[in-house]
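So the structure is just underneath, and the comments pick up after that.
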Amino acid sequence: MALQNIGASNSDDAFYRYKMPKMITKIEGRGNGIKTNVVNMVDIAKALARPASYTTKYFGCELGAQSKFDEKTGVSLVNGAHETTKLAGLLENFIKKYVQCYGCGNPETEIIITKTQMLTLKCAACGYVSDVDMRDKLTTFILKNPPEQKKGSKDKKAMRRAEKERLKEGEAADEELKKLKKEVVKKKGSVSTKEGASKVAAITKKKAGGSDEDHSSPAGGSQADENEVVDVDVDDDDDVQWQTDTSLEAARQRIQEQLSAATAEMVMLSTNEQDEKAKQSKKVVEKNAEPEPPKKSDLSNGEHGNKVGTYEEIKSYLKKGSTLSQLRSFLQSLSASPQQVMDALFEALFEGVEKGFAKEVGKKKNYLATAMQDDQSQMYLLNAIEAFCSKSGAGATKEVALVVKVLYDADVLEEEHIVRWFKEGIASKQGKNSQIWKNMKPFIEWLQSAESESEEE
(Lines give C-alpha, C1' and ligand atoms only; values in the text may rest on other atoms or scores of the structure.)
Protein backbone atom coordinates (compact mmCIF):
# COMPACT_ATOMS: atom_id res chain seq x y z
CA MET A 1 0.00 0.00 0.00
CA ALA A 2 1.43 3.40 -1.06
CA LEU A 3 1.89 5.87 1.78
CA GLN A 4 2.16 9.66 1.88
CA ASN A 5 2.94 12.24 4.56
CA ILE A 6 0.02 13.66 6.53
CA GLY A 7 -0.42 17.33 5.61
CA ALA A 8 0.45 18.98 2.30
CA SER A 9 3.15 21.14 3.95
CA ASN A 10 5.10 17.98 4.88
CA SER A 11 4.89 16.26 1.50
CA ASP A 12 8.58 16.80 0.66
CA ASP A 13 9.95 15.62 4.03
CA ALA A 14 11.41 12.13 3.51
CA PHE A 15 11.87 11.56 7.25
CA TYR A 16 8.39 12.67 8.39
CA ARG A 17 7.07 10.06 10.82
CA TYR A 18 3.29 10.58 10.38
CA LYS A 19 1.99 8.86 7.24
CA MET A 20 -1.33 7.74 5.77
CA PRO A 21 -2.38 5.64 2.75
CA LYS A 22 -2.98 7.34 -0.60
CA MET A 23 -6.69 7.61 -1.39
CA ILE A 24 -8.22 4.98 -3.70
CA THR A 25 -11.68 5.63 -5.21
CA LYS A 26 -14.05 3.64 -7.36
CA ILE A 27 -17.11 4.89 -9.28
CA GLU A 28 -20.12 2.57 -9.03
CA GLY A 29 -23.58 2.57 -10.64
CA ARG A 30 -25.06 4.53 -13.52
CA GLY A 31 -27.35 7.47 -14.17
CA ASN A 32 -28.99 8.94 -11.11
CA GLY A 33 -27.65 6.11 -8.93
CA ILE A 34 -23.98 6.75 -9.67
CA LYS A 35 -21.79 6.88 -6.52
CA THR A 36 -18.14 7.25 -5.60
CA ASN A 37 -16.74 4.62 -3.23
CA VAL A 38 -13.66 5.58 -1.19
CA VAL A 39 -12.22 2.08 -0.96
CA ASN A 40 -9.59 2.61 1.77
CA MET A 41 -11.43 5.19 3.89
CA VAL A 42 -11.12 3.02 7.03
CA ASP A 43 -7.30 2.87 6.72
CA ILE A 44 -7.07 6.63 6.07
CA ALA A 45 -9.25 7.45 9.08
CA LYS A 46 -7.23 5.09 11.27
CA ALA A 47 -3.99 6.88 10.28
CA LEU A 48 -5.60 10.25 11.09
CA ALA A 49 -7.02 8.94 14.41
CA ARG A 50 -10.49 10.13 13.41
CA PRO A 51 -13.71 8.15 12.80
CA ALA A 52 -14.28 7.31 9.13
CA SER A 53 -17.81 8.72 9.42
CA TYR A 54 -16.33 12.22 9.99
CA THR A 55 -14.32 12.26 6.75
CA THR A 56 -17.22 10.78 4.74
CA LYS A 57 -19.66 13.35 6.15
CA TYR A 58 -17.17 16.16 5.42
CA PHE A 59 -17.06 15.12 1.74
CA GLY A 60 -20.85 15.25 1.58
CA CYS A 61 -21.01 18.67 3.26
CA GLU A 62 -18.39 20.21 0.96
CA LEU A 63 -19.75 18.66 -2.26
CA GLY A 64 -23.42 19.25 -1.41
CA ALA A 65 -24.16 15.55 -1.91
CA GLN A 66 -25.50 12.76 0.23
CA SER A 67 -22.84 10.62 1.90
CA LYS A 68 -23.01 7.46 3.98
CA PHE A 69 -20.57 5.31 5.93
CA ASP A 70 -21.55 1.77 6.93
CA GLU A 71 -19.98 0.88 10.29
CA LYS A 72 -20.46 -2.87 9.78
CA THR A 73 -18.99 -3.22 6.28
CA GLY A 74 -16.67 -0.18 6.35
CA VAL A 75 -17.99 1.10 3.01
CA SER A 76 -17.80 4.89 2.41
CA LEU A 77 -20.09 6.22 -0.35
CA VAL A 78 -20.62 9.74 -1.74
CA ASN A 79 -23.38 10.38 -4.31
CA GLY A 80 -22.12 11.46 -7.72
CA ALA A 81 -18.99 10.80 -9.77
CA HIS A 82 -16.01 12.61 -8.20
CA GLU A 83 -12.36 12.48 -9.18
CA THR A 84 -9.75 11.16 -6.75
CA THR A 85 -7.74 14.41 -6.86
CA LYS A 86 -10.79 16.44 -5.87
CA LEU A 87 -11.57 14.20 -2.88
CA ALA A 88 -7.88 14.20 -1.89
CA GLY A 89 -7.93 18.01 -1.83
CA LEU A 90 -11.00 17.99 0.40
CA LEU A 91 -9.24 15.51 2.68
CA GLU A 92 -6.30 17.95 3.02
CA ASN A 93 -8.75 20.67 4.11
CA PHE A 94 -10.23 18.25 6.68
CA ILE A 95 -6.73 17.53 8.03
CA LYS A 96 -5.98 21.27 8.42
CA LYS A 97 -9.27 21.96 10.23
CA TYR A 98 -9.79 18.83 12.36
CA VAL A 99 -6.44 16.98 12.63
CA GLN A 100 -3.35 19.22 12.63
CA CYS A 101 -2.47 21.41 15.63
CA TYR A 102 -2.93 25.10 14.88
CA GLY A 103 0.23 25.88 16.88
CA CYS A 104 2.92 23.40 15.77
CA GLY A 105 1.20 21.54 12.90
CA ASN A 106 1.55 18.13 14.57
CA PRO A 107 -1.28 15.72 13.59
CA GLU A 108 -1.24 13.97 16.96
CA THR A 109 -4.27 15.81 18.37
CA GLU A 110 -7.48 14.84 20.13
CA ILE A 111 -10.97 16.31 19.58
CA ILE A 112 -12.42 17.57 22.87
CA ILE A 113 -16.00 18.82 23.35
CA THR A 114 -16.15 21.57 26.00
CA LYS A 115 -18.97 22.17 28.47
CA THR A 116 -20.26 24.98 26.28
CA GLN A 117 -20.57 22.59 23.30
CA MET A 118 -17.50 23.94 21.50
CA LEU A 119 -14.90 21.84 19.67
CA THR A 120 -11.19 22.12 20.47
CA LEU A 121 -8.09 20.21 19.38
CA LYS A 122 -5.59 19.40 22.15
CA CYS A 123 -2.07 18.71 20.88
CA ALA A 124 -0.19 15.88 22.58
CA ALA A 125 3.15 17.35 21.48
CA CYS A 126 3.11 21.00 22.55
CA GLY A 127 -0.08 21.08 24.66
CA TYR A 128 -1.62 23.86 22.52
CA VAL A 129 -5.44 23.93 22.51
CA SER A 130 -6.86 24.95 19.10
CA ASP A 131 -10.39 26.37 18.74
CA VAL A 132 -12.30 24.85 15.81
CA ASP A 133 -14.48 27.15 13.68
CA MET A 134 -18.03 26.24 14.74
CA ARG A 135 -19.53 27.70 11.51
CA ASP A 136 -18.50 24.55 9.64
CA LYS A 137 -21.38 22.13 8.96
CA LEU A 138 -19.38 19.11 10.16
CA THR A 139 -19.20 20.49 13.72
CA THR A 140 -22.92 19.80 14.21
CA PHE A 141 -22.41 16.18 13.14
CA ILE A 142 -19.43 15.79 15.53
CA LEU A 143 -21.43 17.19 18.47
CA LYS A 144 -24.20 14.66 17.79
CA ASN A 145 -21.67 11.83 17.27
CA PRO A 146 -18.81 12.56 19.70
CA PRO A 147 -15.55 10.61 19.25
CA GLU A 148 -14.72 7.75 21.56
CA GLN A 149 -12.29 8.77 24.26
CA LYS A 150 -8.88 7.13 23.90
CA LYS A 151 -7.96 4.68 26.57
CA GLY A 152 -5.17 6.62 28.19
CA SER A 153 -1.87 5.10 29.06
CA LYS A 154 -2.43 6.04 32.71
CA ASP A 155 -3.88 2.61 33.48
CA LYS A 156 -0.90 0.90 31.83
CA LYS A 157 1.55 3.11 33.69
CA ALA A 158 -0.24 2.43 36.99
CA MET A 159 -0.08 -1.33 36.33
CA ARG A 160 3.65 -1.09 35.55
CA ARG A 161 4.31 0.90 38.71
CA ALA A 162 2.32 -1.57 40.81
CA GLU A 163 4.26 -4.46 39.26
CA LYS A 164 7.60 -2.75 40.05
CA GLU A 165 6.48 -2.10 43.63
CA ARG A 166 5.48 -5.75 44.05
CA LEU A 167 8.87 -6.88 42.76
CA LYS A 168 10.66 -4.51 45.16
CA GLU A 169 8.55 -5.73 48.09
CA GLY A 170 9.31 -9.35 47.18
CA GLU A 171 13.05 -8.64 46.99
CA ALA A 172 12.93 -6.87 50.36
CA ALA A 173 11.06 -9.81 51.91
CA ASP A 174 13.68 -12.23 50.54
CA GLU A 175 16.49 -10.13 52.03
CA GLU A 176 14.76 -10.06 55.43
CA LEU A 177 14.27 -13.83 55.34
CA LYS A 178 17.97 -14.40 54.56
CA LYS A 179 18.99 -12.10 57.43
CA LEU A 180 16.71 -13.95 59.85
CA LYS A 181 18.15 -17.32 58.80
CA LYS A 182 21.71 -16.03 59.27
CA GLU A 183 20.87 -14.68 62.75
CA VAL A 184 19.32 -18.01 63.78
CA VAL A 185 22.36 -19.90 62.52
CA LYS A 186 24.70 -17.55 64.41
CA LYS A 187 22.76 -17.88 67.68
CA LYS A 188 22.38 -21.66 67.59
CA GLY A 189 25.78 -22.32 66.02
CA SER A 190 27.88 -20.23 68.47
CA VAL A 191 29.98 -23.16 69.72
CA SER A 192 33.73 -23.55 70.21
CA THR A 193 36.21 -24.81 67.65
CA LYS A 194 36.39 -28.19 69.39
CA GLU A 195 32.62 -28.54 69.19
CA GLY A 196 32.81 -27.78 65.47
CA ALA A 197 35.35 -30.58 65.04
CA SER A 198 33.09 -33.02 66.89
CA LYS A 199 30.16 -31.95 64.65
CA VAL A 200 32.20 -32.57 61.52
CA ALA A 201 33.16 -35.98 62.88
CA ALA A 202 29.50 -36.80 63.56
CA ILE A 203 28.51 -35.86 59.97
CA THR A 204 31.36 -37.96 58.57
CA LYS A 205 30.24 -40.98 60.62
CA LYS A 206 26.68 -40.61 59.48
CA LYS A 207 27.66 -40.34 55.80
CA ALA A 208 29.95 -43.38 56.10
CA GLY A 209 27.14 -45.47 57.57
CA GLY A 210 28.92 -45.96 60.89
CA SER A 211 27.46 -45.48 64.38
CA ASP A 212 28.69 -43.73 67.49
CA GLU A 213 28.76 -47.03 69.39
CA ASP A 214 31.64 -48.38 67.22
CA HIS A 215 34.01 -45.63 68.43
CA SER A 216 35.17 -44.96 71.94
CA SER A 217 34.46 -41.60 73.53
CA PRO A 218 37.37 -39.23 74.22
CA ALA A 219 39.36 -39.44 77.47
CA GLY A 220 37.49 -38.12 80.46
CA GLY A 221 34.32 -37.95 78.37
CA SER A 222 30.97 -39.62 78.85
CA GLN A 223 29.26 -42.19 76.63
CA ALA A 224 27.36 -41.29 73.46
CA ASP A 225 23.96 -41.78 75.11
CA GLU A 226 24.89 -39.05 77.67
CA ASN A 227 25.79 -36.54 74.94
CA GLU A 228 23.48 -33.56 74.49
CA VAL A 229 21.90 -33.32 71.03
CA VAL A 230 21.36 -29.82 69.50
CA ASP A 231 19.37 -29.24 66.30
CA VAL A 232 20.77 -26.41 64.18
CA ASP A 233 18.70 -24.91 61.31
CA VAL A 234 21.05 -24.69 58.35
CA ASP A 235 19.88 -24.06 54.76
CA ASP A 236 20.57 -27.57 53.38
CA ASP A 237 21.37 -29.64 56.56
CA ASP A 238 18.05 -29.66 58.43
CA ASP A 239 18.33 -33.40 59.12
CA VAL A 240 21.84 -33.19 60.68
CA GLN A 241 22.16 -33.56 64.48
CA TRP A 242 25.11 -31.89 66.17
CA GLN A 243 26.81 -33.35 69.27
CA THR A 244 28.28 -31.29 72.15
CA ASP A 245 31.17 -32.61 74.22
CA THR A 246 30.14 -32.27 77.90
CA SER A 247 33.36 -33.57 79.45
CA LEU A 248 35.16 -31.63 82.23
CA GLU A 249 38.19 -30.93 80.04
CA ALA A 250 36.05 -29.57 77.19
CA ALA A 251 34.13 -27.32 79.62
CA ARG A 252 37.41 -25.85 80.97
CA GLN A 253 38.66 -25.20 77.44
CA ARG A 254 35.40 -23.42 76.47
CA ILE A 255 35.67 -21.17 79.56
CA GLN A 256 39.27 -20.27 78.67
CA GLU A 257 38.33 -19.45 75.06
CA GLN A 258 35.41 -17.25 76.15
CA LEU A 259 37.65 -15.33 78.58
CA SER A 260 40.31 -14.75 75.91
CA ALA A 261 37.67 -13.64 73.40
CA ALA A 262 36.16 -11.17 75.89
CA THR A 263 39.62 -9.76 76.71
CA ALA A 264 40.44 -9.31 73.02
CA GLU A 265 37.09 -7.56 72.44
CA MET A 266 37.78 -5.11 75.29
CA VAL A 267 41.20 -4.29 73.81
CA MET A 268 39.66 -3.69 70.36
CA LEU A 269 36.99 -1.39 71.82
CA SER A 270 39.58 0.75 73.60
CA THR A 271 41.70 0.94 70.40
CA ASN A 272 38.68 1.98 68.30
CA GLU A 273 37.78 4.71 70.79
CA GLN A 274 41.30 6.13 70.60
CA ASP A 275 41.20 6.10 66.78
CA GLU A 276 37.85 7.96 66.77
CA LYS A 277 39.19 10.63 69.13
CA ALA A 278 42.27 11.09 66.96
CA LYS A 279 40.14 11.47 63.81
CA GLN A 280 37.86 14.04 65.46
CA SER A 281 40.80 16.13 66.67
CA LYS A 282 42.32 16.00 63.17
CA LYS A 283 39.07 17.24 61.62
CA VAL A 284 38.92 20.16 64.08
CA VAL A 285 42.48 21.19 63.18
CA GLU A 286 41.78 20.98 59.43
CA LYS A 287 38.57 22.97 59.82
CA ASN A 288 40.36 25.75 61.70
CA ALA A 289 43.12 25.82 59.09
CA GLU A 290 40.69 26.22 56.11
CA PRO A 291 40.63 29.72 54.56
CA GLU A 292 37.39 31.70 54.52
CA PRO A 293 35.32 31.11 51.36
CA PRO A 294 34.68 34.15 49.15
CA LYS A 295 31.49 36.07 49.77
CA LYS A 296 28.50 35.23 47.61
CA SER A 297 28.03 38.89 46.68
CA ASP A 298 31.57 39.09 45.28
CA LEU A 299 31.02 35.97 43.17
CA SER A 300 27.72 37.17 41.80
CA ASN A 301 29.18 40.55 40.90
CA GLY A 302 32.08 38.88 39.05
CA GLU A 303 29.80 36.52 37.15
CA HIS A 304 27.48 39.38 36.24
CA GLY A 305 30.38 41.42 34.92
CA ASN A 306 31.67 38.53 32.78
CA LYS A 307 28.19 37.87 31.43
CA VAL A 308 27.57 41.49 30.45
CA GLY A 309 30.99 41.78 28.81
CA THR A 310 30.47 38.56 26.84
CA TYR A 311 27.01 39.71 25.73
CA GLU A 312 28.39 43.00 24.39
CA GLU A 313 31.18 41.19 22.51
CA ILE A 314 28.81 38.71 20.87
CA LYS A 315 26.27 41.40 19.98
CA SER A 316 28.87 43.59 18.28
CA TYR A 317 30.31 40.56 16.44
CA LEU A 318 26.88 39.52 15.11
CA LYS A 319 26.31 43.04 13.74
CA LYS A 320 29.48 42.78 11.63
CA GLY A 321 28.18 39.67 9.86
CA SER A 322 30.24 36.52 9.45
CA THR A 323 30.02 32.87 8.42
CA LEU A 324 28.95 30.14 10.84
CA SER A 325 32.45 28.66 10.97
CA GLN A 326 33.89 32.06 11.90
CA LEU A 327 31.21 32.44 14.59
CA ARG A 328 32.14 29.04 16.05
CA SER A 329 35.84 29.95 16.33
CA PHE A 330 34.92 33.34 17.84
CA LEU A 331 32.73 31.74 20.53
CA GLN A 332 35.48 29.26 21.40
CA SER A 333 37.99 32.11 21.82
CA LEU A 334 35.90 33.86 24.51
CA SER A 335 37.25 33.65 28.07
CA ALA A 336 33.84 33.27 29.77
CA SER A 337 32.42 29.92 30.87
CA PRO A 338 30.44 27.83 28.32
CA GLN A 339 27.15 28.55 30.12
CA GLN A 340 27.81 32.31 30.12
CA VAL A 341 28.69 32.21 26.40
CA MET A 342 25.46 30.33 25.58
CA ASP A 343 23.32 32.69 27.71
CA ALA A 344 24.89 35.74 26.07
CA LEU A 345 24.48 34.32 22.53
CA PHE A 346 20.82 33.44 23.12
CA GLU A 347 20.06 36.86 24.58
CA ALA A 348 21.87 38.64 21.73
CA LEU A 349 19.90 36.65 19.11
CA PHE A 350 16.42 37.02 20.64
CA GLU A 351 16.57 40.21 22.67
CA GLY A 352 13.12 41.79 23.04
CA VAL A 353 11.31 38.88 21.31
CA GLU A 354 8.10 37.67 22.99
CA LYS A 355 5.29 37.01 20.52
CA GLY A 356 6.47 34.75 17.71
CA PHE A 357 9.35 33.48 19.84
CA ALA A 358 9.22 29.98 18.31
CA LYS A 359 9.30 31.32 14.73
CA GLU A 360 12.36 33.44 15.48
CA VAL A 361 14.13 30.41 16.98
CA GLY A 362 13.31 28.43 13.85
CA LYS A 363 14.86 31.15 11.67
CA LYS A 364 18.09 31.37 13.73
CA LYS A 365 18.46 27.73 14.74
CA ASN A 366 21.68 27.44 12.68
CA TYR A 367 23.39 29.95 14.99
CA LEU A 368 22.46 27.80 18.00
CA ALA A 369 23.60 24.61 16.25
CA THR A 370 26.97 26.27 15.56
CA ALA A 371 27.47 26.93 19.27
CA MET A 372 27.02 23.22 20.13
CA GLN A 373 30.41 21.64 20.88
CA ASP A 374 29.44 18.45 22.75
CA ASP A 375 26.50 16.78 24.51
CA GLN A 376 26.88 19.05 27.54
CA SER A 377 26.24 22.04 25.24
CA GLN A 378 22.62 20.87 24.95
CA MET A 379 22.15 21.41 28.69
CA TYR A 380 23.76 24.87 28.36
CA LEU A 381 21.28 25.74 25.60
CA LEU A 382 18.28 24.49 27.61
CA ASN A 383 19.43 26.48 30.63
CA ALA A 384 19.77 29.55 28.40
CA ILE A 385 16.17 29.09 27.19
CA GLU A 386 15.00 28.83 30.80
CA ALA A 387 16.92 31.98 31.82
CA PHE A 388 15.62 33.93 28.81
CA CYS A 389 11.96 32.96 29.48
CA SER A 390 12.31 33.82 33.18
CA LYS A 391 13.72 37.24 32.25
CA SER A 392 11.24 37.96 29.42
CA GLY A 393 7.49 38.38 29.60
CA ALA A 394 4.65 35.87 29.58
CA GLY A 395 4.65 35.74 25.76
CA ALA A 396 8.02 33.98 25.58
CA THR A 397 7.16 31.66 28.49
CA LYS A 398 3.94 30.63 26.76
CA GLU A 399 5.88 29.39 23.68
CA VAL A 400 8.70 27.59 25.55
CA ALA A 401 7.38 24.13 24.55
CA LEU A 402 7.14 25.20 20.89
CA VAL A 403 10.73 26.51 21.02
CA VAL A 404 12.06 23.22 22.43
CA LYS A 405 10.06 21.25 19.85
CA VAL A 406 11.48 23.34 16.98
CA LEU A 407 15.03 22.59 18.16
CA TYR A 408 14.12 18.92 18.76
CA ASP A 409 12.76 18.56 15.20
CA ALA A 410 15.92 20.23 13.86
CA ASP A 411 18.10 17.67 15.73
CA VAL A 412 19.74 20.44 17.77
CA LEU A 413 18.35 18.97 21.03
CA GLU A 414 17.94 15.31 21.95
CA GLU A 415 15.16 13.71 23.97
CA GLU A 416 17.49 12.46 26.73
CA HIS A 417 18.79 15.94 27.60
CA ILE A 418 15.33 17.56 27.35
CA VAL A 419 13.83 15.10 29.86
CA ARG A 420 16.84 15.45 32.17
CA TRP A 421 16.57 19.27 32.08
CA PHE A 422 12.83 19.09 32.84
CA LYS A 423 13.32 16.73 35.82
CA GLU A 424 16.08 18.89 37.29
CA GLY A 425 13.91 22.00 36.91
CA ILE A 426 10.88 20.37 38.57
CA ALA A 427 13.06 19.12 41.44
CA SER A 428 14.35 22.63 42.22
CA LYS A 429 12.69 24.82 44.86
CA GLN A 430 11.35 27.33 42.33
CA GLY A 431 10.42 24.68 39.75
CA LYS A 432 7.23 23.50 41.46
CA ASN A 433 5.42 26.81 40.87
CA SER A 434 7.22 27.91 37.69
CA GLN A 435 5.05 28.50 34.61
CA ILE A 436 7.90 27.27 32.37
CA TRP A 437 7.62 23.68 33.63
CA LYS A 438 3.82 23.75 33.53
CA ASN A 439 3.97 24.68 29.84
CA MET A 440 6.68 22.07 29.19
CA LYS A 441 4.83 19.17 30.86
CA PRO A 442 2.55 18.21 27.87
CA PHE A 443 5.56 18.12 25.52
CA ILE A 444 7.53 15.90 27.93
CA GLU A 445 4.56 13.52 28.29
CA TRP A 446 4.29 13.36 24.48
CA LEU A 447 8.02 12.57 24.18
CA GLN A 448 7.81 9.72 26.71
CA SER A 449 4.59 8.28 25.24
CA ALA A 450 6.08 8.35 21.72
CA GLU A 451 9.15 6.50 23.01
CA SER A 452 7.05 3.81 24.73
CA GLU A 453 4.95 3.35 21.57
CA SER A 454 8.07 2.92 19.43
CA GLU A 455 9.43 0.34 21.90
CA GLU A 456 6.15 -1.62 21.82
CA GLU A 457 6.15 -1.57 17.99
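Chain lettering (A, B, ...) mirrors the order of the C-alpha coordinates, residue numbering begins at 1 for each chain separately, and ligand numbering begins at 1 in order of display.
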Per DSSP on the backbone, what are the strand (DSSP E) residues of region 88-175 of chain A, as a list in words?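 The residues of region 88-175 of chain A classed as strand (DSSP E) are Thr109, Glu110, Ile111, Ile112, Ile113, Leu119, Thr120, Leu121, Lys122, Cys123, Val129, Ser130 and Asp131 of chain A.
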Would you please extract all alpha helix (DSSP H) residues from region 389-420 of chain A, as assigned by DSSP on the backbone, and give them as a PyMOL selection string? chain A and resi 389-391+394-398+400-409+415-420
So that I can check the surroundings of region 366-368 of chain A, please list as a PyMOL selection string every protein, DNA and RNA residue that reaches within 9 Å of it, counting only C-alpha atoms and ignoring chain neighbours fewer than 5 positions away. chain A and resi 324+327-328+342+345-346+349+361+381+412
Residue among A:Asp70, A:Asp409, A:Asp374, A:Glu424 lying closest to Asp13 (chain A), counting only C-alpha atoms: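 Between A:Asp70, A:Asp409, A:Asp374, A:Glu424, the residue approaching Asp13 (chain A) most closely is A:Asp409.
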Pick out the residues sitting within 7 Å of Ile6 (chain A), and hand them over as a PyMOL selection string; count only C-alpha atoms, and ignore anything fewer than 4 positions along from it in its own chain. chain A and resi 10+18-20
Surrounding residues of region 383-393 of chain A excluding itself and chain neighbours under 6 positions, 8 Å, only C-alpha atoms, as a ChimeraX atom specification: /A:339,342-343,346-347,352,354,400,421,436
Prev. selection, N, CA, C and O atoms, output as a CSV table (one decimal), in the first residue's frame:
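Just written: out_4.csv:
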chain,number,residue,atom,x,y,z
A,339,GLN,N,28.5,28.2,29.8
A,339,GLN,CA,27.2,28.5,30.1
A,339,GLN,C,26.9,30.0,29.9
A,339,GLN,O,25.9,30.5,29.4
A,342,MET,N,26.7,30.7,26.2
A,342,MET,CA,25.5,30.3,25.6
A,342,MET,C,24.4,31.3,26.0
A,342,MET,O,23.5,31.7,25.2
A,343,ASP,N,24.3,31.7,27.3
A,343,ASP,CA,23.3,32.7,27.7
A,343,ASP,C,23.4,34.0,26.9
A,343,ASP,O,22.4,34.6,26.5
A,346,PHE,N,22.3,33.6,23.2
A,346,PHE,CA,20.8,33.4,23.1
A,346,PHE,C,20.1,34.8,23.3
A,346,PHE,O,19.2,35.2,22.6
A,347,GLU,N,20.7,35.6,24.3
A,347,GLU,CA,20.1,36.9,24.6
A,347,GLU,C,20.3,37.8,23.4
A,347,GLU,O,19.5,38.7,23.1
A,352,GLY,N,14.4,41.1,23.3
A,352,GLY,CA,13.1,41.8,23.0
A,352,GLY,C,12.0,41.0,22.3
A,352,GLY,O,10.9,41.5,22.1
A,354,GLU,N,9.1,38.4,22.1
A,354,GLU,CA,8.1,37.7,23.0
A,354,GLU,C,7.1,36.9,22.1
A,354,GLU,O,7.1,35.7,22.0
A,400,VAL,N,7.5,28.3,25.2
A,400,VAL,CA,8.7,27.6,25.5
A,400,VAL,C,8.7,26.2,25.0
A,400,VAL,O,9.7,25.6,24.5
A,421,TRP,N,16.7,17.9,31.7
A,421,TRP,CA,16.6,19.3,32.1
A,421,TRP,C,15.2,19.5,32.8
A,421,TRP,O,15.2,20.3,33.7
A,436,ILE,N,7.1,27.9,33.4
A,436,ILE,CA,7.9,27.3,32.4
A,436,ILE,C,7.7,25.8,32.4
A,436,ILE,O,7.4,25.1,31.3
Can you tell me, as a ChimeraX atom specification, what residues are no more than 12 Å from Ile142 (chain A) when counting only C-alpha atoms, ignoring any on the same chain fewer than 2 positions away? /A:50-55,57-58,98,111-113,117-120,132,134,136-140,144-148
Non-local contacts of Gln376 (chain A) (12 Å; only C-alpha atoms; under 2 positions in same chain excluded) as a PyMOL selection string: chain A and resi 338-339+342+371-374+378-383+413-414+416-418+420-421
From the set A:Ala344, A:Val42, A:Cys126, A:Ile34, which residue has the shortest atom-to-atom contact distance to Thr56 (chain A), counting only C-alpha atoms? A:Val42
To one decimal place, how far is CA of Lys320 (chain A) from CA of Phe350 (chain A) in Å?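 These atoms are spaced 16.9 Å apart.
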For the atom pair CA of Ala401 (chain A) and CA of Cys104 (chain A), what is the interatomic distance in Å to one decimal place?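 According to the coordinates, CA of Ala401 (chain A) and CA of Cys104 (chain A) are separated by 9.9 Å.
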Nearest-residue call for Leu91 (chain A), choices A:Glu175, A:Glu108, A:Glu62, A:Glu249, using only C-alpha atoms: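 Going through A:Glu175, A:Glu108, A:Glu62, A:Glu249 one by one, the smallest distance to Leu91 (chain A) is for A:Glu62.
Closest approach to Gly89 (chain A) among A:Lys22, A:Lys115, A:Lys363, A:Lys46: A:Lys22, based on only C-alpha atoms.
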